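Next comes coords.txt, a file with compact mmCIF, C-alpha atoms (C1' of nucleotides).
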# COMPACT_ATOMS: atom_id res chain seq x y z
CA MET M 177 128.12 115.59 144.41
CA ASP M 178 128.97 112.18 143.04
CA ARG M 179 130.35 112.22 139.52
CA ARG M 180 127.78 109.64 138.51
CA GLN M 181 124.97 111.84 139.68
CA GLN M 182 126.36 114.80 137.78
CA LYS M 183 126.56 112.80 134.59
CA THR M 184 123.08 111.41 135.00
CA ARG M 185 121.54 114.80 135.63
CA ALA M 186 123.39 116.34 132.72
CA ALA M 187 122.28 113.55 130.41
CA ILE M 188 118.67 113.91 131.46
CA PHE M 189 118.67 117.68 131.11
CA ALA M 190 120.29 117.46 127.68
CA ALA M 191 117.85 114.84 126.47
CA PHE M 192 114.90 116.78 127.82
CA ASN M 193 116.08 119.94 126.13
CA GLU M 194 116.56 118.13 122.87
CA ILE M 195 113.12 116.57 122.85
CA LEU M 196 111.54 119.89 123.79
CA THR M 197 112.66 121.27 120.44
CA GLU M 198 110.78 118.49 118.71
CA LYS M 199 107.46 118.28 120.52
CA SER M 200 105.46 120.03 123.20
CA TYR M 201 106.02 119.37 126.86
CA HIS M 202 102.86 117.41 127.46
CA GLN M 203 103.53 115.04 124.61
CA ILE M 204 106.88 114.07 126.04
CA THR M 205 107.00 110.89 128.09
CA VAL M 206 109.43 109.85 130.75
CA GLN M 207 110.13 106.84 128.61
CA GLU M 208 111.38 109.05 125.83
CA ILE M 209 113.59 111.04 128.13
CA ILE M 210 115.32 108.06 129.65
CA ASP M 211 115.71 106.42 126.26
CA ARG M 212 117.39 109.50 124.84
CA ALA M 213 119.41 110.15 127.98
CA ASN M 214 120.33 106.49 128.10
CA VAL M 215 119.65 106.07 131.79
CA GLY M 216 117.62 103.51 133.64
CA ARG M 217 114.03 104.06 134.57
CA THR M 218 114.88 103.69 138.24
CA THR M 219 117.60 106.28 137.95
CA PHE M 220 115.25 108.91 136.60
CA TYR M 221 112.85 108.49 139.49
CA ASP M 222 115.80 108.59 141.88
CA HIS M 223 116.54 112.13 140.68
CA PHE M 224 113.12 113.56 139.93
CA GLU M 225 109.81 112.74 141.45
CA THR M 226 107.87 113.64 138.34
CA LYS M 227 108.31 115.11 134.90
CA ASP M 228 107.00 118.40 136.22
CA GLU M 229 109.78 118.61 138.76
CA LEU M 230 112.32 118.13 136.00
CA LEU M 231 110.82 121.09 134.16
CA ARG M 232 110.73 123.21 137.27
CA GLU M 233 114.37 122.53 138.05
CA MET M 234 115.39 123.27 134.49
CA CYS M 235 113.50 126.55 134.42
CA ASP M 236 115.01 127.54 137.71
CA SER M 237 118.58 127.07 136.60
CA LEU M 238 117.83 128.72 133.27
CA PHE M 239 116.35 131.81 134.92
CA ARG M 240 119.15 132.03 137.41
CA HIS M 241 121.59 132.03 134.54
CA ILE M 242 119.71 134.51 132.40
CA PHE M 243 119.08 137.04 135.12
CA SER M 244 122.28 136.53 137.08
CA ASP M 245 124.12 139.68 136.09
CA VAL M 246 120.90 141.64 135.67
CA LEU M 247 120.16 141.07 139.31
CA SER M 248 123.67 141.89 140.38
CA ALA M 249 123.69 145.07 138.28
CA GLU M 250 120.59 146.12 140.11
CA SER M 251 122.54 146.60 143.29
CA THR M 252 125.35 148.70 141.79
CA HIS M 253 123.28 151.07 139.66
CA ASP M 254 119.88 152.43 140.38
CA PHE M 255 117.61 151.51 137.55
CA SER M 256 113.95 152.25 137.17
CA LEU M 257 111.38 150.99 134.74
CA SER M 258 110.08 154.48 134.21
CA ASP M 259 113.14 156.18 132.78
CA GLY M 260 115.57 155.52 129.95
CA THR M 261 118.00 153.54 132.07
CA SER M 262 115.70 150.54 131.97
CA ARG M 263 116.47 150.02 128.33
CA MET M 264 119.94 148.75 129.18
CA VAL M 265 118.58 146.17 131.55
CA ILE M 266 115.95 145.01 129.11
CA THR M 267 118.45 144.80 126.28
CA HIS M 268 120.72 142.78 128.52
CA MET M 269 118.00 140.34 129.40
CA ILE M 270 117.04 139.81 125.79
CA TYR M 271 120.64 139.20 124.81
CA HIS M 272 120.77 136.46 127.38
CA LEU M 273 117.52 135.06 126.11
CA ARG M 274 118.93 134.97 122.60
CA ASP M 275 122.06 133.21 123.77
CA ASN M 276 119.87 130.57 125.33
CA ARG M 277 117.57 130.27 122.38
CA LYS M 278 118.32 126.60 122.03
CA ASN M 279 116.93 126.02 125.48
CA LEU M 280 114.11 128.45 125.11
CA LEU M 281 112.73 127.75 121.69
CA GLY M 282 111.48 124.34 122.55
CA ILE M 283 109.84 125.41 125.76
CA LEU M 284 108.41 128.71 124.72
CA ALA M 285 107.92 128.89 121.00
CA CYS M 286 105.28 126.35 120.16
CA GLU M 287 101.95 125.91 121.81
CA SER M 288 103.42 124.22 124.83
CA GLY M 289 105.04 125.59 127.92
CA GLU M 290 102.18 126.90 129.96
CA MET M 291 104.11 125.90 133.05
CA PHE M 292 107.25 127.54 131.78
CA LEU M 293 105.32 130.73 131.08
CA GLN M 294 103.94 130.58 134.57
CA PHE M 295 107.41 130.26 136.07
CA PHE M 296 108.69 132.96 133.75
CA ARG M 297 106.03 135.47 134.69
CA GLN M 298 106.50 134.69 138.34
CA TYR M 299 110.21 135.27 138.11
CA LEU M 300 109.69 138.47 136.18
CA ASN M 301 107.30 139.75 138.78
CA ASN M 302 110.10 139.52 141.30
CA VAL M 303 112.64 141.13 139.00
CA PHE M 304 110.40 143.96 137.89
CA SER M 305 108.89 144.68 141.27
CA SER M 306 112.19 146.20 142.40
CA TYR M 307 112.28 148.46 139.36
CA MET M 308 108.75 149.74 139.71
CA PRO M 309 108.57 153.44 140.37
CA THR M 310 106.67 154.25 143.52
CA SER M 311 103.71 156.42 142.80
CA ASN M 312 100.43 156.19 144.60
CA ALA M 313 98.68 158.53 142.25
CA ARG M 314 97.80 155.85 139.71
CA GLU M 315 94.46 154.97 138.27
CA VAL M 316 95.33 151.28 138.35
CA PRO M 317 96.38 149.12 141.32
CA GLU M 318 100.02 148.32 141.82
CA ASP M 319 99.71 144.55 141.38
CA PHE M 320 97.64 144.95 138.25
CA LEU M 321 100.34 147.12 136.77
CA LEU M 322 103.12 144.75 137.73
CA ASN M 323 101.19 141.87 136.23
CA HIS M 324 100.65 143.90 133.09
CA ILE M 325 104.34 144.78 132.71
CA SER M 326 105.57 141.24 133.28
CA GLY M 327 102.90 139.88 130.99
CA SER M 328 103.88 142.34 128.30
CA PHE M 329 107.47 141.20 128.49
CA VAL M 330 106.65 137.52 128.29
CA ASN M 331 104.21 138.28 125.51
CA MET M 332 106.86 140.17 123.59
CA VAL M 333 109.41 137.39 123.94
CA GLN M 334 106.87 134.88 122.72
CA TRP M 335 106.03 137.06 119.74
CA TRP M 336 109.72 137.47 119.05
CA LEU M 337 110.49 133.77 119.16
CA LYS M 338 107.54 132.85 116.99
CA GLY M 339 108.57 135.41 114.40
CA GLY M 340 112.05 133.98 114.14
CA MET M 341 113.89 136.50 116.33
CA LYS M 342 114.37 138.92 113.48
CA GLU M 343 114.55 141.98 115.72
CA SER M 344 117.69 142.91 117.61
CA PRO M 345 117.65 143.05 121.41
CA GLU M 346 118.05 146.84 121.21
CA GLN M 347 115.05 147.06 118.93
CA LEU M 348 112.98 144.90 121.23
CA ALA M 349 113.95 147.01 124.21
CA THR M 350 112.70 150.02 122.28
CA TYR M 351 109.39 148.30 121.59
CA PHE M 352 109.08 147.39 125.22
CA GLU M 353 109.80 150.94 126.24
CA ALA M 354 107.22 152.17 123.76
CA VAL M 355 104.41 150.14 125.30
CA THR M 356 105.35 150.53 128.97
CA GLN M 357 106.96 153.95 129.31
CA PRO M 358 103.79 155.94 128.49
CA ILE M 359 101.90 154.10 131.20
CA LEU M 360 104.54 154.38 133.87
CA THR M 361 105.42 158.01 133.39
CA GLN M 362 101.98 159.45 132.77
CA LYS M 363 101.18 160.10 136.39
CA GLU M 364 104.66 160.57 137.75
CA ALA M 365 104.56 164.32 137.44
CA GLU M 366 102.21 164.64 140.35
CA MET C 68 70.62 116.89 114.02
CA ASP C 69 69.49 113.73 115.70
CA ARG C 70 68.10 114.19 119.18
CA ARG C 71 70.41 111.48 120.46
CA GLN C 72 73.41 113.32 119.14
CA GLN C 73 72.28 116.54 120.74
CA LYS C 74 71.82 114.86 124.09
CA THR C 75 75.16 113.11 123.88
CA ARG C 76 77.03 116.29 122.98
CA ALA C 77 75.29 118.25 125.70
CA ALA C 78 76.12 115.59 128.26
CA ILE C 79 79.76 115.51 127.26
CA PHE C 80 80.10 119.29 127.26
CA ALA C 81 78.42 119.53 130.65
CA ALA C 82 80.61 116.83 132.15
CA PHE C 83 83.74 118.35 130.68
CA ASN C 84 82.85 121.76 132.05
CA GLU C 85 82.16 120.32 135.45
CA ILE C 86 85.44 118.46 135.67
CA LEU C 87 87.34 121.51 134.44
CA THR C 88 86.35 123.32 137.61
CA GLU C 89 87.94 120.56 139.64
CA LYS C 90 91.22 119.86 137.91
CA SER C 91 93.39 121.16 135.12
CA TYR C 92 92.81 120.20 131.53
CA HIS C 93 95.77 117.92 131.19
CA GLN C 94 94.85 115.90 134.23
CA ILE C 95 91.44 115.11 132.85
CA THR C 96 91.04 111.78 131.11
CA VAL C 97 88.54 110.72 128.51
CA GLN C 98 87.54 107.99 130.90
CA GLU C 99 86.50 110.57 133.45
CA ILE C 100 84.48 112.53 130.94
CA ILE C 101 82.50 109.58 129.66
CA ASP C 102 81.92 108.31 133.19
CA ARG C 103 80.52 111.66 134.27
CA ALA C 104 78.61 112.19 131.04
CA ASN C 105 77.34 108.64 131.25
CA VAL C 106 78.02 107.79 127.63
CA GLY C 107 79.83 104.89 126.07
CA ARG C 108 83.48 105.05 125.16
CA THR C 109 82.63 104.43 121.53
CA THR C 110 80.16 107.27 121.53
CA PHE C 111 82.73 109.77 122.66
CA TYR C 112 85.10 108.87 119.87
CA ASP C 113 82.19 109.02 117.43
CA HIS C 114 81.77 112.69 118.27
CA PHE C 115 85.31 113.86 118.96
CA GLU C 116 88.54 112.57 117.56
CA THR C 117 90.53 113.59 120.61
CA LYS C 118 90.19 115.41 123.90
CA ASP C 119 91.82 118.43 122.27
CA GLU C 120 89.09 118.66 119.69
CA LEU C 121 86.50 118.68 122.43
CA LEU C 122 88.26 121.64 124.01
CA ARG C 123 88.56 123.45 120.72
CA GLU C 124 84.88 123.03 119.93
CA MET C 125 83.90 124.18 123.38
CA CYS C 126 86.09 127.27 123.16
CA ASP C 127 84.70 128.08 119.76
CA SER C 128 81.10 128.03 120.86
CA LEU C 129 81.97 129.93 124.01
CA PHE C 130 83.74 132.70 122.09
CA ARG C 131 81.00 132.92 119.55
CA HIS C 132 78.53 133.43 122.36
CA ILE C 133 80.63 135.93 124.28
CA PHE C 134 81.52 138.10 121.33
CA SER C 135 78.30 137.71 119.38
CA ASP C 136 76.75 141.08 120.05
CA VAL C 137 80.12 142.77 120.29
CA LEU C 138 80.82 141.78 116.75
CA SER C 139 77.38 142.79 115.57
CA ALA C 140 77.67 146.16 117.32
CA GLU C 141 80.84 146.74 115.38
CA SER C 142 78.90 147.08 112.18
CA THR C 143 76.32 149.56 113.48
CA HIS C 144 78.59 151.92 115.38
CA ASP C 145 82.11 152.89 114.53
CA PHE C 146 84.31 152.04 117.45
CA SER C 147 88.00 152.49 117.78
CA LEU C 148 90.44 151.25 120.37
CA SER C 149 92.08 154.64 120.54
CA ASP C 150 89.20 156.73 121.81
CA GLY C 151 86.74 156.60 124.66
CA THR C 152 84.11 154.66 122.71
CA SER C 153 86.10 151.46 123.14
CA ARG C 154 85.30 151.38 126.82
CA MET C 155 81.74 150.38 126.08
CA VAL C 156 82.85 147.46 123.98
CA ILE C 157 85.36 146.30 126.54
CA THR C 158 82.86 146.60 129.35
CA HIS C 159 80.40 144.60 127.32
CA MET C 160 82.90 141.84 126.70
CA ILE C 161 83.81 141.58 130.35
CA TYR C 162 80.16 141.41 131.37
CA HIS C 163 79.79 138.45 129.09
CA LEU C 164 82.89 136.88 130.50
CA ARG C 165 81.49 137.28 134.00
CA ASP C 166 78.20 135.71 132.99
CA ASN C 167 80.14 132.74 131.69
CA ARG C 168 82.41 132.52 134.68
CA LYS C 169 81.29 128.99 135.41
CA ASN C 170 82.63 127.93 132.04
CA LEU C 171 85.67 130.14 132.19
CA LEU C 172 86.95 129.65 135.67
CA GLY C 173 87.88 126.06 135.17
CA ILE C 174 89.61 126.64 131.91
CA LEU C 175 91.35 129.88 132.61
CA ALA C 176 91.87 130.39 136.29
CA CYS C 177 94.29 127.75 137.43
CA GLU C 178 97.54 126.79 135.85
CA SER C 179 95.86 124.98 133.00
CA GLY C 180 94.40 126.17 129.77
CA GLU C 181 97.38 127.02 127.64
CA MET C 182 95.39 125.89 124.65
CA PHE C 183 92.41 127.94 125.71
CA LEU C 184 94.62 130.99 126.09
CA GLN C 185 95.99 130.36 122.64
CA PHE C 186 92.49 130.21 121.15
CA PHE C 187 91.46 133.23 123.17
CA ARG C 188 94.36 135.39 122.00
CA GLN C 189 93.79 134.28 118.43
CA TYR C 190 90.15 135.22 118.60
CA LEU C 191 90.97 138.55 120.19
CA ASN C 192 93.48 139.32 117.49
CA ASN C 193 90.65 139.10 114.99
CA VAL C 194 88.27 141.15 117.09
CA PHE C 195 90.78 143.86 117.92
CA SER C 196 92.32 144.11 114.50
CA SER C 197 89.18 145.79 113.19
CA TYR C 198 89.30 148.33 116.00
CA MET C 199 92.93 149.26 115.56
CA PRO C 200 93.44 152.86 114.53
CA THR C 201 95.38 153.16 111.32
CA SER C 202 98.52 155.09 111.86
CA ASN C 203 101.77 154.41 110.09
CA ALA C 204 103.74 156.80 112.23
CA ARG C 205 104.40 154.29 114.99
CA GLU C 206 107.66 153.28 116.54
CA VAL C 207 106.44 149.69 116.81
CA PRO C 208 105.18 147.36 114.06
CA GLU C 209 101.45 146.85 113.64
CA ASP C 210 101.44 143.14 114.44
CA PHE C 211 103.56 143.64 117.54
CA LEU C 212 101.08 146.19 118.79
CA LEU C 213 98.09 144.00 118.04
CA ASN C 214 99.75 141.13 119.83
CA HIS C 215 100.48 143.38 122.76
CA ILE C 216 96.90 144.63 123.03
CA SER C 217 95.35 141.19 122.80
CA GLY C 218 97.89 139.83 125.24
CA SER C 219 97.15 142.62 127.67
CA PHE C 220 93.48 141.81 127.58
CA VAL C 221 93.95 138.10 128.15
CA ASN C 222 96.45 138.92 130.85
CA MET C 223 94.01 141.21 132.57
CA VAL C 224 91.20 138.68 132.47
CA GLN C 225 93.50 136.06 133.97
CA TRP C 226 94.55 138.43 136.73
CA TRP C 227 90.91 139.27 137.34
CA LEU C 228 89.79 135.65 137.59
CA LYS C 229 92.66 134.69 139.85
CA GLY C 230 91.88 137.57 142.16
CA GLY C 231 88.27 136.50 142.54
CA MET C 232 86.67 138.96 140.10
CA LYS C 233 86.42 141.69 142.71
CA GLU C 234 86.52 144.50 140.17
CA SER C 235 83.47 145.53 138.19
CA PRO C 236 83.50 145.28 134.39
CA GLU C 237 83.48 149.08 134.21
CA GLN C 238 86.49 149.27 136.48
CA LEU C 239 88.34 146.68 134.40
CA ALA C 240 87.55 148.59 131.23
CA THR C 241 89.09 151.64 132.86
CA TYR C 242 92.23 149.70 133.73
CA PHE C 243 92.44 148.41 130.21
CA GLU C 244 92.03 151.88 128.85
CA ALA C 245 94.74 153.12 131.19
CA VAL C 246 97.34 150.71 129.87
CA THR C 247 96.43 150.81 126.19
CA GLN C 248 95.13 154.31 125.51
CA PRO C 249 98.47 156.08 126.11
CA ILE C 250 100.18 153.79 123.62
CA LEU C 251 97.56 154.04 120.91
CA THR C 252 97.04 157.78 121.04
CA GLN C 253 100.59 158.94 121.51
CA LYS C 254 101.45 159.13 117.83
CA GLU C 255 98.02 159.80 116.45
CA ALA C 256 98.52 163.54 116.36
CA GLU C 257 100.89 163.34 113.46
C1' DA S 157 52.37 101.73 114.03
C1' DT S 158 56.03 100.13 111.19
C1' DC S 159 60.31 99.99 108.99
C1' DG S 160 64.85 101.06 107.54
C1' DT S 161 68.45 103.98 109.26
C1' DT S 162 71.33 105.94 112.54
C1' DT S 163 73.19 106.14 117.05
C1' DT S 164 74.57 104.22 121.24
C1' DT S 165 76.39 100.58 123.79
C1' DG S 166 79.37 97.11 126.32
C1' DA S 167 82.98 94.16 126.06
C1' DA S 168 87.25 93.11 124.66
C1' DC S 169 91.61 94.46 122.55
C1' DA S 170 96.61 95.80 121.88
C1' DA S 171 99.70 99.32 122.75
C1' DA S 172 101.87 102.55 125.54
C1' DG S 173 102.92 104.89 129.82
C1' DT S 174 103.36 105.30 134.95
C1' DG S 175 105.66 104.69 139.18
C1' DT S 176 107.44 101.01 142.29
C1' DT S 177 110.01 97.01 143.88
C1' DT S 178 113.94 93.76 143.98
C1' DG S 179 118.28 91.98 143.64
C1' DT S 180 122.58 92.73 141.09
C1' DT S 181 126.39 95.18 139.23
C1' DA S 182 129.53 99.28 138.75
C1' DT S 183 131.55 103.28 140.42
C1' DT S 184 133.11 106.19 143.73
C1' DA S 185 135.41 108.42 147.68
C1' DA S 186 138.01 107.22 151.67
C1' DT N 109 141.01 97.69 149.51
C1' DT N 110 136.69 98.46 151.26
C1' DA N 111 132.28 100.12 152.43
C1' DA N 112 128.97 103.17 150.69
C1' DT N 113 126.56 104.87 147.02
C1' DA N 114 124.48 105.09 142.54
C1' DA N 115 122.90 102.93 138.34
C1' DC N 116 120.83 99.19 136.43
C1' DA N 117 117.51 95.62 134.17
C1' DA N 118 113.57 93.14 134.76
C1' DA N 119 109.28 92.59 136.29
C1' DC N 120 105.27 94.41 138.63
C1' DA N 121 100.33 96.17 138.89
C1' DC N 122 98.00 99.81 137.27
C1' DT N 123 95.91 103.38 134.18
C1' DT N 124 94.92 105.38 129.83
C1' DT N 125 94.24 105.36 125.00
C1' DG N 126 91.93 104.52 120.74
C1' DT N 127 89.90 100.72 117.94
C1' DT N 128 86.84 96.84 116.60
C1' DC N 129 82.55 94.25 116.62
C1' DA N 130 77.99 92.74 117.09
C1' DA N 131 73.78 93.73 119.52
C1' DA N 132 70.36 96.84 121.30
C1' DA N 133 67.97 101.16 121.37
C1' DA N 134 66.16 105.43 119.58
C1' DC N 135 65.02 107.92 115.75
C1' DG N 136 62.51 110.13 111.57
C1' DA N 137 59.59 109.38 107.92
C1' DT N 138 56.05 107.15 105.75
Same coordinates, now as structure tokens:
Amino acid sequence: MDRRQQKTRAAIFAAFNEILTEKSYHQITVQEIIDRANVGRTTFYDHFETKDELLREMCDSLFRHIFSDVLSAESTHDFSLSDGTSRMVITHMIYHLRDNRKNLLGILACESGEMFLQFFRQYLNNVFSSYMPTSNAREVPEDFLLNHISGSFVNMVQWWLKGGMKESPEQLATYFEAVTQPILTQKEAE
Amino acid sequence: MDRRQQKTRAAIFAAFNEILTEKSYHQITVQEIIDRANVGRTTFYDHFETKDELLREMCDSLFRHIFSDVLSAESTHDFSLSDGTSRMVITHMIYHLRDNRKNLLGILACESGEMFLQFFRQYLNNVFSSYMPTSNAREVPEDFLLNHISGSFVNMVQWWLKGGMKESPEQLATYFEAVTQPILTQKEAE
DNA sequence: ATCGTTTTTGAACAAAGTGTTTGTTATTAA
DNA sequence: TTAATAACAAACACTTTGTTCAAAAACGAT
């Protein structure tokens, strides 16, 4: 990739990230982004078709980074959401989230980011679906449960960010276990 | 209130509702609303400062309607989220939601409505907080739990709407019970 | 039915944003 | 060095926003 392209993309991403900490996504204009990134209007539209695509690309790379070693760990060990081993994975994920708080806060914390949340949940559905214990003796459908678990995680992260991230990742993992474990294990002894 | 005002407000609300079923909130313009409602530009801004305020007012009246008898029932009977009596309340709420599906679908179903969801969760926090069983022997903080419960409900409704509302309110109440009951009752026997 | 008040209205407005085009200038990789 | 590629500024037509103003219409009360 051309060095100029790299620089342009980096500048746009950085500017976008910066502005996201100041105002909500929908209030941000392309004009603002290119002003802050110090690139020409034409250049922006050369790289991204719309503002939405910029967000999508940013979320994608962020997720890939956050879940990179979680997803690779999945192959070596055999984790499951329904036993204690999941706590490690969850803790890991939250540590990554905390490391990226500068990127996240702007997108997630305030009232904005419905698209980000959508992407987030979607991504989590994929991640969690491989950890779901297989049990057909449930009183709720599989996809409802998966949606519930992913939603609970996103919900928790949102709550955490809004409250100033006072809890440690280990603590959060415990909370998460406390609200998901009882549901997942209840019918396993069938 | 002046008859003209009533008519104007009704027309705007109706138009807004209608357009919400066609596109997401952020794509809707004031221009579109006043065209459809057939009112003057000036009139719109006489009634609502911004498009956001229109949404907020609409959500408010919708919630008040949906939860009206739920909130009044609260005073007569003594419900709690942690026992079987809650199922009635939940079922009731979902029936109301289904009756208002025309209003809800547009706002909630598609990718839009982050503000609506925010209002919804906020409202639910108030509703649920009075049903929360008091137990200080929990491994998770009270406000985390409340946030989790409200979030789970909103999450479920979203899942339900997206899936075409195939499940009956009773069934949904059972699902909700299945994912909240185990958490709320686990430490009650202290 | 009339009268003073309130509401609605259209037209026009500046300001800001969008996405595209065009020709020019820099930068790059070879 | 050179040919390709990327960035650029300027200008574009277009849409949206929120405000102002004076005139017309609808209203409630007498």
(request) Please identify every residue of chain M that has at least one atom no more than 9 Å from any atom of chain S, counting all atoms listed in the file, and report them as number ranges by chain. (result) M: 178-180, 205-207, 218, 221
Store the residues of this selection in a file with C-alpha atoms, as a PDB file, in the coordinates of the input.
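Result written to part.pdb:
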ATOM      1  CA  ASP M 178     128.970 112.180 143.040  1.00  0.00           C
ATOM      2  CA  ARG M 179     130.350 112.220 139.520  1.00  0.00           C
ATOM      3  CA  ARG M 180     127.780 109.640 138.510  1.00  0.00           C
ATOM      4  CA  THR M 205     107.000 110.890 128.090  1.00  0.00           C
ATOM      5  CA  VAL M 206     109.430 109.850 130.750  1.00  0.00           C
ATOM      6  CA  GLN M 207     110.130 106.840 128.610  1.00  0.00           C
ATOM      7  CA  THR M 218     114.880 103.690 138.240  1.00  0.00           C
ATOM      8  CA  TYR M 221     112.850 108.490 139.490  1.00  0.00           C
TER       9      TYR M 221
END
Please list as a PDB file with C-alpha atoms, in the frame of the given file every residue within 10 Å of stretch 162-166 of chain C, counting all atoms listed in the file and excluding residues in the same chain fewer than 2 positions away.
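Resulting contents of part_39.pdb:
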ATOM      1  CA  LEU C 129      81.970 129.930 124.010  1.00  0.00           C
ATOM      2  CA  PHE C 130      83.740 132.700 122.090  1.00  0.00           C
ATOM      3  CA  HIS C 132      78.530 133.430 122.360  1.00  0.00           C
ATOM      4  CA  ILE C 133      80.630 135.930 124.280  1.00  0.00           C
ATOM      5  CA  PHE C 134      81.520 138.100 121.330  1.00  0.00           C
ATOM      6  CA  SER C 135      78.300 137.710 119.380  1.00  0.00           C
ATOM      7  CA  ASP C 136      76.750 141.080 120.050  1.00  0.00           C
ATOM      8  CA  VAL C 137      80.120 142.770 120.290  1.00  0.00           C
ATOM      9  CA  VAL C 156      82.850 147.460 123.980  1.00  0.00           C
ATOM     10  CA  ILE C 157      85.360 146.300 126.540  1.00  0.00           C
ATOM     11  CA  THR C 158      82.860 146.600 129.350  1.00  0.00           C
ATOM     12  CA  HIS C 159      80.400 144.600 127.320  1.00  0.00           C
ATOM     13  CA  MET C 160      82.900 141.840 126.700  1.00  0.00           C
ATOM     14  CA  ARG C 168      82.410 132.520 134.680  1.00  0.00           C
ATOM     15  CA  LYS C 169      81.290 128.990 135.410  1.00  0.00           C
ATOM     16  CA  ASN C 170      82.630 127.930 132.040  1.00  0.00           C
ATOM     17  CA  LEU C 171      85.670 130.140 132.190  1.00  0.00           C
ATOM     18  CA  LEU C 172      86.950 129.650 135.670  1.00  0.00           C
ATOM     19  CA  VAL C 224      91.200 138.680 132.470  1.00  0.00           C
ATOM     20  CA  LEU C 228      89.790 135.650 137.590  1.00  0.00           C
ATOM     21  CA  MET C 232      86.670 138.960 140.100  1.00  0.00           C
ATOM     22  CA  SER C 235      83.470 145.530 138.190  1.00  0.00           C
ATOM     23  CA  PRO C 236      83.500 145.280 134.390  1.00  0.00           C
ATOM     24  CA  GLU C 237      83.480 149.080 134.210  1.00  0.00           C
TER      25      GLU C 237
END
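Residue nearest chain N, chosen from C:Leu87, C:Ala77, C:Ile95, C:Leu122 and counting all atoms listed in the file: C:Ile95.
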Do you have, as a tab-separated table, the list of residues of chain M lying at most 8 Å from chain C, each with its nearest atom pair and that distance in Å to one decimal, counting all atoms listed in the file and ordered by chain then number?
residue	atom	partner	partner_atom	distance
M:Glu287	CA	C:Met182	CA	7.1
M:Ser288	CA	C:Glu181	CA	7.2
M:Gly289	CA	C:Glu181	CA	7.8
M:Glu290	CA	C:Glu181	CA	5.3
M:Met291	CA	C:Glu178	CA	7.2
M:Gln294	CA	C:Glu178	CA	7.5
M:Glu315	CA	C:Tyr242	CA	7.3
M:Val316	CA	C:Tyr242	CA	5.8
M:Phe320	CA	C:Trp226	CA	7.4
M:Asn323	CA	C:Trp226	CA	7.5
M:His324	CA	C:Ser219	CA	6.6
M:Gly327	CA	C:Asn222	CA	6.5
M:Ser328	CA	C:His215	CA	6.6
M:Asn331	CA	C:Gly218	CA	6.5
M:Met332	CA	C:His215	CA	7.2
M:Trp335	CA	C:Phe211	CA	7.4
M:Tyr351	CA	C:Val207	CA	5.8
M:Ala354	CA	C:Ile250	CA	7.2
M:Val355	CA	C:Ile250	CA	5.8
M:Pro358	CA	C:Pro249	CA	5.8
M:Ile359	CA	C:Val246	CA	5.8
(message) What does the structure give for the distance between atom CA of C:Phe187 and atom CA of C:Thr88, in Å to one decimal?
(response) 18.2 Å
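Note that the spacing between atom CA of M:Thr226 and atom CA of M:Phe192 amounts to 13.0 Å.
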(message) If I take atom CA of M:Met308 and atom CA of C:Ser149, how far is one from the other in Å, to one decimal?
(response) 25.9 Å
(message) Near chain M, meaning an atom within 12 Å, which residues of chain N appear when counting only C-alpha atoms (C1' of nucleotides)? Write them as a count of residues only.
(response) 7
Would you compute an axis-aligned box for stretch 146-162 of chain C, covering every atom listed for it in the file with 6 Å of margin on each side, and report centre and edge lengths in Å to one decimal as JSON?
{"center_x": 86.1, "center_y": 149.1, "center_z": 124.4, "size_x": 23.9, "size_y": 27.3, "size_z": 25.9}
(message) Could you list, as a ChimeraX atom specification, every residue within 8 Å of C:Ile100, counting all atoms listed in the file and ignoring same-chain residues fewer than 6 positions away?
(response) /C:79,82-83,86
